[in-house]
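Quick look at protein-v5.cif (mmCIF, C-alpha atoms):
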```cif
data_final
#
loop_
_atom_site.group_PDB
_atom_site.id
_atom_site.type_symbol
_atom_site.label_atom_id
_atom_site.label_comp_id
_atom_site.auth_asym_id
_atom_site.auth_seq_id
_atom_site.Cartn_x
_atom_site.Cartn_y
_atom_site.Cartn_z
ATOM 1 C CA GLY A 1 76.159 77.867 94.436
ATOM 2 C CA ASN A 2 76.757 79.910 97.555
ATOM 3 C CA GLU A 3 74.230 80.040 100.360
ATOM 4 C CA SER A 4 73.205 83.229 102.163
ATOM 5 C CA LEU A 5 76.093 85.335 103.381
ATOM 6 C CA SER A 6 77.536 84.784 106.823
ATOM 7 C CA ARG A 7 79.926 87.101 108.588
ATOM 8 C CA ALA A 8 82.451 86.522 111.306
ATOM 9 C CA PRO A 9 81.938 88.828 114.307
ATOM 10 C CA ALA A 10 84.343 91.764 114.318
ATOM 11 C CA PRO A 11 86.762 91.822 117.265
ATOM 12 C CA THR A 12 85.935 95.486 117.753
ATOM 13 C CA ALA A 13 83.091 97.617 116.480
ATOM 14 C CA ALA A 14 83.839 99.468 113.271
ATOM 15 C CA ARG A 15 84.058 103.210 113.738
ATOM 16 C CA PRO A 16 84.928 106.299 111.718
ATOM 17 C CA PHE A 17 88.624 107.035 112.092
ATOM 18 C CA GLN A 18 88.450 110.457 113.713
ATOM 19 C CA ALA A 19 90.660 111.610 116.556
ATOM 20 C CA SER A 20 88.953 111.937 119.917
ATOM 21 C CA ALA A 21 90.100 112.633 123.445
ATOM 22 C CA GLY A 22 92.770 110.150 124.497
ATOM 23 C CA GLU A 23 93.564 108.892 121.000
ATOM 24 C CA ARG A 24 97.048 109.105 119.520
ATOM 25 C CA PRO A 25 97.645 112.078 117.195
ATOM 26 C CA ARG A 26 97.301 111.209 113.541
ATOM 27 C CA ALA A 27 98.945 112.526 110.394
ATOM 28 C CA ASP A 28 97.050 114.687 107.936
ATOM 29 C CA CYS A 29 95.885 112.928 104.765
ATOM 30 C CA SER A 30 95.123 115.326 101.928
ATOM 31 C CA MET A 31 94.149 112.688 99.340
ATOM 32 C CA THR A 32 90.409 112.499 98.716
ATOM 33 C CA ILE A 33 87.925 110.288 96.924
ATOM 34 C CA SER A 34 87.914 112.857 94.111
ATOM 35 C CA SER A 35 91.477 111.951 93.105
ATOM 36 C CA VAL A 36 90.513 108.267 93.126
ATOM 37 C CA ARG A 37 87.584 108.981 90.807
ATOM 38 C CA VAL A 38 89.904 110.901 88.441
ATOM 39 C CA ALA A 39 92.203 107.870 88.402
ATOM 40 C CA ALA A 40 89.273 105.608 87.569
ATOM 41 C CA GLU A 41 88.398 107.825 84.593
ATOM 42 C CA ARG A 42 91.994 107.689 83.351
ATOM 43 C CA LEU A 43 91.991 103.905 83.594
ATOM 44 C CA ARG A 44 88.728 103.702 81.659
ATOM 45 C CA ALA A 45 90.235 105.980 78.996
ATOM 46 C CA VAL A 46 92.953 103.403 78.223
ATOM 47 C CA GLY A 47 90.492 100.517 78.201
ATOM 48 C CA ALA A 48 91.290 99.025 81.617
ATOM 49 C CA ARG A 49 88.357 97.212 83.178
ATOM 50 C CA PRO A 50 87.505 96.388 86.794
ATOM 51 C CA THR A 51 88.959 93.072 87.906
ATOM 52 C CA PRO A 52 86.499 90.319 88.816
ATOM 53 C CA VAL A 53 85.607 89.219 92.338
ATOM 54 C CA LEU A 54 85.964 85.459 92.809
ATOM 55 C CA ARG A 55 84.274 83.123 95.284
ATOM 56 C CA SER A 56 85.166 79.738 96.768
ATOM 57 C CA ASP A 57 82.866 77.570 98.876
ATOM 58 C CA TRP A 58 85.942 75.877 100.354
ATOM 59 C CA VAL A 59 87.505 79.194 101.394
ATOM 60 C CA ASP A 60 84.198 80.332 102.907
ATOM 61 C CA ALA A 61 83.879 77.114 104.901
ATOM 62 C CA THR A 62 87.494 77.235 106.069
ATOM 63 C CA ALA A 63 87.330 80.899 107.067
ATOM 64 C CA GLY A 64 83.892 80.628 108.646
ATOM 65 C CA CYS A 65 82.567 83.643 106.762
ATOM 66 C CA ALA A 66 81.767 84.833 103.251
ATOM 67 C CA CYS A 67 84.996 85.707 101.441
ATOM 68 C CA TYR A 68 85.406 87.688 98.234
ATOM 69 C CA LEU A 69 88.715 87.506 96.360
ATOM 70 C CA LYS A 70 89.587 90.552 94.240
ATOM 71 C CA ALA A 71 91.458 89.064 91.277
ATOM 72 C CA GLU A 72 94.161 91.684 90.750
ATOM 73 C CA HIS A 73 96.379 89.057 89.136
ATOM 74 C CA LEU A 74 94.026 89.415 86.146
ATOM 75 C CA GLN A 75 94.796 93.134 85.845
ATOM 76 C CA ARG A 76 96.988 94.253 82.944
ATOM 77 C CA THR A 77 100.654 93.322 83.515
ATOM 78 C CA GLY A 78 99.522 90.809 86.152
ATOM 79 C CA SER A 79 99.118 93.022 89.222
ATOM 80 C CA PHE A 80 97.316 95.991 90.768
ATOM 81 C CA LYS A 81 100.401 98.126 90.063
ATOM 82 C CA TYR A 82 99.083 98.934 86.593
ATOM 83 C CA ARG A 83 96.421 101.149 88.164
ATOM 84 C CA GLY A 84 98.798 103.503 89.933
ATOM 85 C CA ALA A 85 101.403 103.567 87.174
ATOM 86 C CA THR A 86 98.817 104.386 84.527
ATOM 87 C CA ASN A 87 97.330 107.175 86.606
ATOM 88 C CA ALA A 88 100.774 108.679 87.222
ATOM 89 C CA VAL A 89 101.827 108.578 83.563
ATOM 90 C CA ALA A 90 98.459 109.894 82.362
ATOM 91 C CA GLY A 91 98.778 112.831 84.749
ATOM 92 C CA LEU A 92 102.052 114.089 83.234
ATOM 93 C CA ASP A 93 101.920 117.064 80.889
ATOM 94 C CA ALA A 94 103.188 116.530 77.362
ATOM 95 C CA ALA A 95 106.600 118.138 77.934
ATOM 96 C CA SER A 96 107.291 116.107 81.073
ATOM 97 C CA ALA A 97 106.087 112.858 79.527
ATOM 98 C CA ALA A 98 108.340 113.333 76.499
ATOM 99 C CA LEU A 99 111.405 113.114 78.753
ATOM 100 C CA GLY A 100 110.307 109.660 79.908
ATOM 101 C CA VAL A 101 109.702 108.020 83.263
ATOM 102 C CA VAL A 102 111.915 106.267 85.798
ATOM 103 C CA CYS A 103 111.164 104.085 88.804
ATOM 104 C CA HIS A 104 112.755 101.539 91.078
ATOM 105 C CA SER A 105 110.950 98.258 91.504
ATOM 106 C CA SER A 106 111.281 94.624 92.500
ATOM 107 C CA GLY A 107 109.160 93.704 89.494
ATOM 108 C CA ASN A 108 105.465 94.492 89.392
ATOM 109 C CA HIS A 109 105.616 98.299 89.489
ATOM 110 C CA GLY A 110 108.391 98.259 86.893
ATOM 111 C CA ALA A 111 106.347 96.154 84.477
ATOM 112 C CA ALA A 112 103.309 98.334 85.068
ATOM 113 C CA LEU A 113 105.182 101.587 84.495
ATOM 114 C CA ALA A 114 106.812 100.184 81.354
ATOM 115 C CA ALA A 115 103.393 99.230 79.985
ATOM 116 C CA ALA A 116 101.875 102.616 80.859
ATOM 117 C CA ALA A 117 104.834 104.413 79.274
ATOM 118 C CA ALA A 118 104.582 102.297 76.119
ATOM 119 C CA GLU A 119 100.884 103.095 75.843
ATOM 120 C CA ARG A 120 101.731 106.801 75.927
ATOM 121 C CA GLY A 121 104.743 106.356 73.659
ATOM 122 C CA VAL A 122 107.424 107.553 76.075
ATOM 123 C CA PRO A 123 110.656 105.894 77.288
ATOM 124 C CA CYS A 124 110.895 104.053 80.599
ATOM 125 C CA CYS A 125 113.838 103.050 82.786
ATOM 126 C CA VAL A 126 113.419 100.694 85.754
ATOM 127 C CA VAL A 127 116.046 100.338 88.481
ATOM 128 C CA VAL A 128 115.900 96.803 89.850
ATOM 129 C CA PRO A 129 117.595 95.191 92.882
ATOM 130 C CA ARG A 130 120.071 92.572 91.665
ATOM 131 C CA THR A 131 118.278 89.958 93.823
ATOM 132 C CA THR A 132 115.096 90.260 91.758
ATOM 133 C CA PRO A 133 114.013 86.981 90.093
ATOM 134 C CA GLY A 134 115.034 86.745 86.455
ATOM 135 C CA ALA A 135 111.454 86.093 85.332
ATOM 136 C CA LYS A 136 110.382 89.476 86.700
ATOM 137 C CA ILE A 137 113.279 91.232 84.984
ATOM 138 C CA ASP A 138 112.389 89.553 81.694
ATOM 139 C CA ASN A 139 108.764 90.633 82.150
ATOM 140 C CA MET A 140 109.754 94.289 82.595
ATOM 141 C CA ARG A 141 111.897 94.155 79.470
ATOM 142 C CA ARG A 142 109.047 92.521 77.566
ATOM 143 C CA TYR A 143 106.902 95.587 78.288
ATOM 144 C CA GLY A 144 109.663 97.854 76.961
ATOM 145 C CA ALA A 145 111.618 98.884 80.047
ATOM 146 C CA ARG A 146 115.338 99.582 80.047
ATOM 147 C CA VAL A 147 116.481 97.743 83.173
ATOM 148 C CA VAL A 148 119.358 98.927 85.384
ATOM 149 C CA LEU A 149 120.489 96.724 88.276
ATOM 150 C CA CYS A 150 121.440 98.034 91.729
ATOM 151 C CA GLU A 151 122.182 96.789 95.235
ATOM 152 C CA PRO A 152 119.117 95.569 97.216
ATOM 153 C CA THR A 153 118.860 98.530 99.600
ATOM 154 C CA GLN A 154 116.429 101.443 99.670
ATOM 155 C CA SER A 155 119.245 103.973 99.399
ATOM 156 C CA ALA A 156 120.804 102.256 96.383
ATOM 157 C CA ARG A 157 117.446 102.083 94.641
ATOM 158 C CA SER A 158 116.733 105.773 95.208
ATOM 159 C CA GLU A 159 120.220 106.982 94.283
ATOM 160 C CA THR A 160 120.411 104.899 91.105
ATOM 161 C CA ALA A 161 116.948 105.987 89.983
ATOM 162 C CA ALA A 162 117.830 109.654 90.544
ATOM 163 C CA ALA A 163 120.996 109.241 88.469
ATOM 164 C CA GLU A 164 119.106 107.567 85.624
ATOM 165 C CA ALA A 165 116.415 110.280 85.636
ATOM 166 C CA ALA A 166 119.109 112.949 85.363
ATOM 167 C CA ALA A 167 120.860 111.084 82.557
ATOM 168 C CA MET A 168 117.584 111.038 80.609
ATOM 169 C CA GLY A 169 117.430 114.823 80.819
ATOM 170 C CA GLY A 170 115.043 115.122 83.754
ATOM 171 C CA ALA A 171 112.697 112.159 83.389
ATOM 172 C CA ALA A 172 109.767 111.973 85.808
ATOM 173 C CA PHE A 173 110.362 109.680 88.763
ATOM 174 C CA VAL A 174 107.320 107.557 89.606
ATOM 175 C CA HIS A 175 107.757 106.028 93.040
ATOM 176 C CA PRO A 176 106.213 102.568 93.479
ATOM 177 C CA TYR A 177 104.159 103.678 96.500
ATOM 178 C CA ASP A 178 105.211 107.078 97.867
ATOM 179 C CA ASP A 179 103.392 109.067 95.199
ATOM 180 C CA ALA A 180 99.923 110.633 95.446
ATOM 181 C CA ALA A 181 98.993 109.697 91.858
ATOM 182 C CA VAL A 182 100.045 106.085 92.433
ATOM 183 C CA LEU A 183 98.082 105.994 95.687
ATOM 184 C CA ALA A 184 94.966 107.315 93.933
ATOM 185 C CA GLY A 185 95.326 104.727 91.189
ATOM 186 C CA GLN A 186 95.535 101.866 93.672
ATOM 187 C CA GLY A 187 92.520 103.372 95.423
ATOM 188 C CA THR A 188 90.369 102.451 92.434
ATOM 189 C CA ILE A 189 90.345 98.917 93.871
ATOM 190 C CA GLY A 190 88.442 100.294 96.860
ATOM 191 C CA LEU A 191 86.120 102.205 94.542
ATOM 192 C CA GLU A 192 85.253 98.982 92.715
ATOM 193 C CA LEU A 193 84.768 97.050 95.958
ATOM 194 C CA ALA A 194 82.406 99.700 97.304
ATOM 195 C CA GLU A 195 80.325 99.575 94.124
ATOM 196 C CA GLU A 196 80.313 95.797 93.698
ATOM 197 C CA LEU A 197 80.062 94.568 97.303
ATOM 198 C CA PRO A 198 77.940 96.817 99.536
ATOM 199 C CA GLN A 199 77.735 93.975 102.071
ATOM 200 C CA LEU A 200 81.455 94.098 102.930
ATOM 201 C CA ASP A 201 82.402 94.549 106.570
ATOM 202 C CA ALA A 202 86.196 94.143 106.287
ATOM 203 C CA VAL A 203 88.897 94.146 103.610
ATOM 204 C CA LEU A 204 92.270 92.421 104.084
ATOM 205 C CA VAL A 205 95.056 94.012 102.052
ATOM 206 C CA PRO A 206 98.681 92.845 101.695
ATOM 207 C CA VAL A 207 101.084 95.636 102.603
ATOM 208 C CA SER A 208 104.617 96.583 101.621
ATOM 209 C CA GLY A 209 105.246 100.292 101.033
ATOM 210 C CA GLY A 210 101.571 101.054 101.575
ATOM 211 C CA GLY A 211 100.341 102.327 98.208
ATOM 212 C CA MET A 212 97.553 99.798 97.811
ATOM 213 C CA VAL A 213 96.371 99.667 101.416
ATOM 214 C CA GLY A 214 96.497 103.467 101.709
ATOM 215 C CA GLY A 215 94.563 104.037 98.495
ATOM 216 C CA ILE A 216 91.929 101.428 99.334
ATOM 217 C CA ALA A 217 91.533 102.892 102.822
ATOM 218 C CA VAL A 218 90.916 106.389 101.446
ATOM 219 C CA ALA A 219 88.286 105.142 98.986
ATOM 220 C CA LEU A 220 86.424 102.935 101.438
ATOM 221 C CA HIS A 221 86.541 105.491 104.247
ATOM 222 C CA ALA A 222 84.760 107.924 101.935
ATOM 223 C CA LEU A 223 82.242 105.478 100.472
ATOM 224 C CA ARG A 224 81.787 102.760 103.132
ATOM 225 C CA PRO A 225 83.104 104.241 106.398
ATOM 226 C CA GLY A 226 81.995 101.241 108.443
ATOM 227 C CA VAL A 227 84.280 98.837 106.559
ATOM 228 C CA ARG A 228 87.447 97.843 108.431
ATOM 229 C CA VAL A 229 90.613 97.960 106.302
ATOM 230 C CA ILE A 230 93.103 95.475 107.758
ATOM 231 C CA ALA A 231 96.716 95.256 106.620
ATOM 232 C CA VAL A 232 98.340 91.836 106.166
ATOM 233 C CA GLU A 233 102.145 91.909 106.453
ATOM 234 C CA PRO A 234 105.081 89.506 106.305
ATOM 235 C CA LYS A 235 106.246 88.676 109.817
ATOM 236 C CA GLY A 236 108.823 91.130 111.108
ATOM 237 C CA LYS A 237 107.455 94.298 109.505
ATOM 238 C CA GLY A 238 105.887 95.598 112.718
ATOM 239 C CA LEU A 239 103.250 97.871 111.197
ATOM 240 C CA GLY A 240 100.911 97.312 114.134
ATOM 241 C CA ARG A 241 103.495 98.727 116.527
ATOM 242 C CA CYS A 242 104.093 101.678 114.183
ATOM 243 C CA LEU A 243 100.370 102.463 114.217
ATOM 244 C CA ALA A 244 100.168 102.113 117.996
ATOM 245 C CA LEU A 245 103.102 104.500 118.496
ATOM 246 C CA SER A 246 102.184 106.878 115.639
ATOM 247 C CA GLN A 247 105.703 106.395 114.316
ATOM 248 C CA ARG A 248 106.283 105.523 110.664
ATOM 249 C CA VAL A 249 109.880 104.330 111.106
ATOM 250 C CA LEU A 250 110.868 102.566 114.330
ATOM 251 C CA ASP A 251 114.464 101.719 113.371
ATOM 252 C CA PRO A 252 115.893 104.077 110.695
ATOM 253 C CA GLU A 253 119.036 101.994 110.194
ATOM 254 C CA ALA A 254 117.175 98.718 109.677
ATOM 255 C CA ALA A 255 114.637 100.405 107.391
ATOM 256 C CA ASN A 256 117.211 100.587 104.607
ATOM 257 C CA GLY A 257 117.193 96.793 104.258
ATOM 258 C CA ALA A 258 114.493 94.351 103.195
ATOM 259 C CA LEU A 259 112.306 91.871 105.038
ATOM 260 C CA ASP A 260 113.382 88.224 105.022
ATOM 261 C CA THR A 261 110.322 86.656 103.410
ATOM 262 C CA ILE A 262 109.438 84.470 100.447
ATOM 263 C CA ALA A 263 106.906 87.164 99.506
ATOM 264 C CA ASP A 264 109.550 88.866 97.359
ATOM 265 C CA ALA A 265 107.207 91.603 96.086
ATOM 266 C CA ILE A 266 106.434 92.958 99.581
ATOM 267 C CA ARG A 267 109.808 93.104 101.335
ATOM 268 C CA THR A 268 109.790 96.856 102.077
ATOM 269 C CA LYS A 269 110.082 97.386 105.821
ATOM 270 C CA CYS A 270 108.323 100.742 106.228
ATOM 271 C CA LEU A 271 105.408 102.572 104.697
ATOM 272 C CA GLY A 272 106.254 105.626 102.622
ATOM 273 C CA PRO A 273 105.333 109.062 104.020
ATOM 274 C CA THR A 274 102.453 109.533 101.562
ATOM 275 C CA PRO A 275 100.644 106.222 102.242
ATOM 276 C CA TRP A 276 101.487 106.541 105.950
ATOM 277 C CA ALA A 277 99.431 109.751 106.098
ATOM 278 C CA ALA A 278 96.389 107.719 105.068
ATOM 279 C CA ALA A 279 97.251 104.508 106.907
ATOM 280 C CA SER A 280 97.890 106.194 110.241
ATOM 281 C CA GLN A 281 94.375 107.648 110.128
ATOM 282 C CA LEU A 282 92.325 104.961 108.463
ATOM 283 C CA LEU A 283 93.733 101.460 109.006
ATOM 284 C CA ASP A 284 92.344 99.092 111.586
ATOM 285 C CA PRO A 285 94.898 98.669 114.398
ATOM 286 C CA ALA A 286 94.604 94.866 114.146
ATOM 287 C CA VAL A 287 97.408 94.226 111.642
ATOM 288 C CA LEU A 288 97.798 90.566 110.648
ATOM 289 C CA SER A 289 101.353 89.151 110.412
ATOM 290 C CA VAL A 290 102.047 85.942 108.491
ATOM 291 C CA ASP A 291 105.210 83.844 108.309
ATOM 292 C CA ASP A 292 106.628 81.923 105.364
ATOM 293 C CA ASP A 293 105.006 78.634 106.409
ATOM 294 C CA GLN A 294 101.581 80.273 106.425
ATOM 295 C CA ILE A 295 102.241 81.807 103.012
ATOM 296 C CA ARG A 296 103.314 78.425 101.607
ATOM 297 C CA ALA A 297 100.174 76.784 103.009
ATOM 298 C CA VAL A 298 97.949 79.305 101.227
ATOM 299 C CA MET A 299 99.895 78.873 97.987
ATOM 300 C CA ARG A 300 98.970 75.187 98.021
ATOM 301 C CA ILE A 301 95.220 75.905 97.999
#
```
Could you write out this structure as structure tokens?
Amino acid sequence: GNESLSRAPAPTAARPFQASAGERPRADCSMTISSVRVAAERLRAVGARPTPVLRSDWVDATAGCACYLKAEHLQRTGSFKYRGATNAVAGLDAASAALGVVCHSSGNHGAALAAAAAERGVPCCVVVPRTTPGAKIDNMRRYGARVVLCEPTQSARSETAAAEAAAMGGAAFVHPYDDAAVLAGQGTIGLELAEELPQLDAVLVPVSGGGMVGGIAVALHALRPGVRVIAVEPKGKGLGRCLALSQRVLDPEAANGALDTIADAIRTKCLGPTPWAAASQLLDPAVLSVDDDQIRAVMRI
């Protein structure tokens, strides 16, 4: 069993993220805890349950603090993406839903949207970069998606998805992270953490386009404002510098590409405008960057 909880000292004192004299200007974030609660109700309506929180004495001893691992790999379709996709599809009116849904995805969001669409009985098309592993493509098809391949750039993904939506007669486009309904759905993770673990002092969240970290930050800021939400990125993303400069995109030309990392599901270089509005206000400035060797070491645990 686990002994009494121990906590590593925070590098800086937790504080509410409100602008004060001398601080950088921050973007407005209109998403509230109310939209996260609506998403939680929609997830309950389709039978989705909160994912478990796991513990490991070895991890605690290695980290030097009490660690709680939110098992999102046990969510439906194998990732947290099911939360946001389900909330987005459930929020469509009947006429819009009947036309179907479209997204672009490197795998997890596509599988999640396909599953959510199948549960509502509507068609789904997923635009996938041609570099996506075959196992992920097969998984999306298994959930009922029609898969269309494209070049591995942000512009190609967006343009191909728009063309497919038009060809379907005006299908709803559900962005993998730059969508308020998706953000609210991912925020239900924060809602569950706040309810299950009142002792939390920090949450580390992997970041790509920002849907999960933005949603969690909104939920925890409302319910546990003293909890630090810290983004963990593949090396080279530079989110910490973006936060310091209050600038979402530092290099517009490079932003169209993808990060060179073995973490193939989080290769997006920049946060989307919608999650950025939350992240720029609510994230801890101490972003953690990890390289491929560090990722491989953790995979061996």
>> Please expand the PyMOL selection byres ((chain A and resi 184-194) around 7) into the concrete residues it hits in this file, giving the result as number ranges by chain.
In response: A: 35-36, 39-40, 50, 80, 83-84, 87, 180-183, 195-198, 211-212, 215-216, 218-220, 223-224
List every protein, DNA or RNA residue that has at least one atom no more than 12 Å from (109.4, 113.4, 96.7) in the file's coordinates, counting all atoms listed in the file, and write the result as an mmCIF file with C-alpha atoms, in the coordinates of the input.
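After the write, point_0.cif holds the following:
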```cif
data_model
loop_
_atom_site.group_PDB
_atom_site.id
_atom_site.type_symbol
_atom_site.label_atom_id
_atom_site.label_comp_id
_atom_site.auth_asym_id
_atom_site.auth_seq_id
_atom_site.Cartn_x
_atom_site.Cartn_y
_atom_site.Cartn_z
ATOM 1 C CA SER A 158 116.733 105.773 95.208
ATOM 2 C CA ALA A 162 117.830 109.654 90.544
ATOM 3 C CA ALA A 172 109.767 111.973 85.808
ATOM 4 C CA PHE A 173 110.362 109.680 88.763
ATOM 5 C CA VAL A 174 107.320 107.557 89.606
ATOM 6 C CA HIS A 175 107.757 106.028 93.040
ATOM 7 C CA PRO A 176 106.213 102.568 93.479
ATOM 8 C CA TYR A 177 104.159 103.678 96.500
ATOM 9 C CA ASP A 178 105.211 107.078 97.867
ATOM 10 C CA ASP A 179 103.392 109.067 95.199
ATOM 11 C CA ALA A 180 99.923 110.633 95.446
ATOM 12 C CA GLY A 272 106.254 105.626 102.622
ATOM 13 C CA PRO A 273 105.333 109.062 104.020
ATOM 14 C CA THR A 274 102.453 109.533 101.562
#
```
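Between CA of Thr86 in chain A and CA of Cys125 in chain A the interatomic distance comes to 15.2 Å.
Separating CA of Gly100 in chain A from CA of Val147 in chain A is a distance of 13.8 Å.
Taken over the shown file, the PyMOL selection byres ((chain A and resi 55) around 10) identifies A:Gly1, A:Asn2, A:Pro52, A:Val53, A:Leu54, A:Ser56, A:Asp57, A:Trp58, A:Val59, A:Asp60, A:Ala66, A:Cys67, A:Tyr68, A:Leu69, A:Lys70.
By chain and then residue number, the residues within 7 Å of Thr131 in chain A are Pro129, Pro133 and Pro152 of chain A, counting all atoms listed in the file and disregarding those fewer than 2 positions away in sequence.
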>> Quick one: residues within 7 Å of Gly107 in chain A, all atoms listed in the file, excluding same-chain residues fewer than 4 positions away - as a PyMOL selection string?
In response: chain A and resi 111+136-137+140
>> Evaluated on this file, the PyMOL selection byres ((chain A and resi 268) around 7) picks out some residues - which ones are they, written as JSON, numbers by chain?
In response: {"A": [208, 209, 258, 259, 266, 267, 269, 270]}
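Minimum distance to Ala95 in chain A across A:Ala171, A:Ala112, A:Leu74, A:Cys124 (counting all atoms listed in the file) occurs at A:Ala171.
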> Which residue, A:Pro252, A:Pro206, A:Gly238, A:Pro275, has the smallest gap to Ile295 in chain A when you use only C-alpha atoms?
Replying inline: A:Pro206
> What lies within 12 Å of Tyr143 in chain A using only C-alpha atoms, ignoring chain neighbours under 5 positions off, as number ranges by chain?
Replying inline: A: 76-78, 82, 107-119, 121, 123-126, 136-138
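Here CA of Val46 in chain A is placed at a distance of 23.7 Å from CA of Val213 in chain A.
In terms of minimum interatomic distance to Ile230 in chain A, A:Asp284 ranks closest within A:Glu159, A:Asp284, A:Asp291, A:Asp251, counting only C-alpha atoms.
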> So, counting only C-alpha atoms, which residue among A:Val205, A:Val127, A:Leu239, A:Ala45 is closest to Val101 in chain A?
Replying inline: A:Val127
> Smallest atom-to-atom distance to Leu288 in chain A: which of A:Gly240, A:Gly257, A:Gly47, A:Gly226, using only C-alpha atoms?
Replying inline: A:Gly240
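Distances to Ile33 in chain A were evaluated for A:Ala156, A:Val128, A:Ala217, A:Ala98 using only C-alpha atoms, and the minimum falls at A:Ala217.
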Would you compute an axis-aligned box for range 49-55 of chain A, covering every atom listed for it in the file with 5 Å of margin on each side, and report centre and edge lengths in Å to one decimal as AutoDock Vina command-line options?
```
--center_x 86.6 --center_y 90.2 --center_z 89.2 --size_x 14.7 --size_y 24.1 --size_z 22.1
```
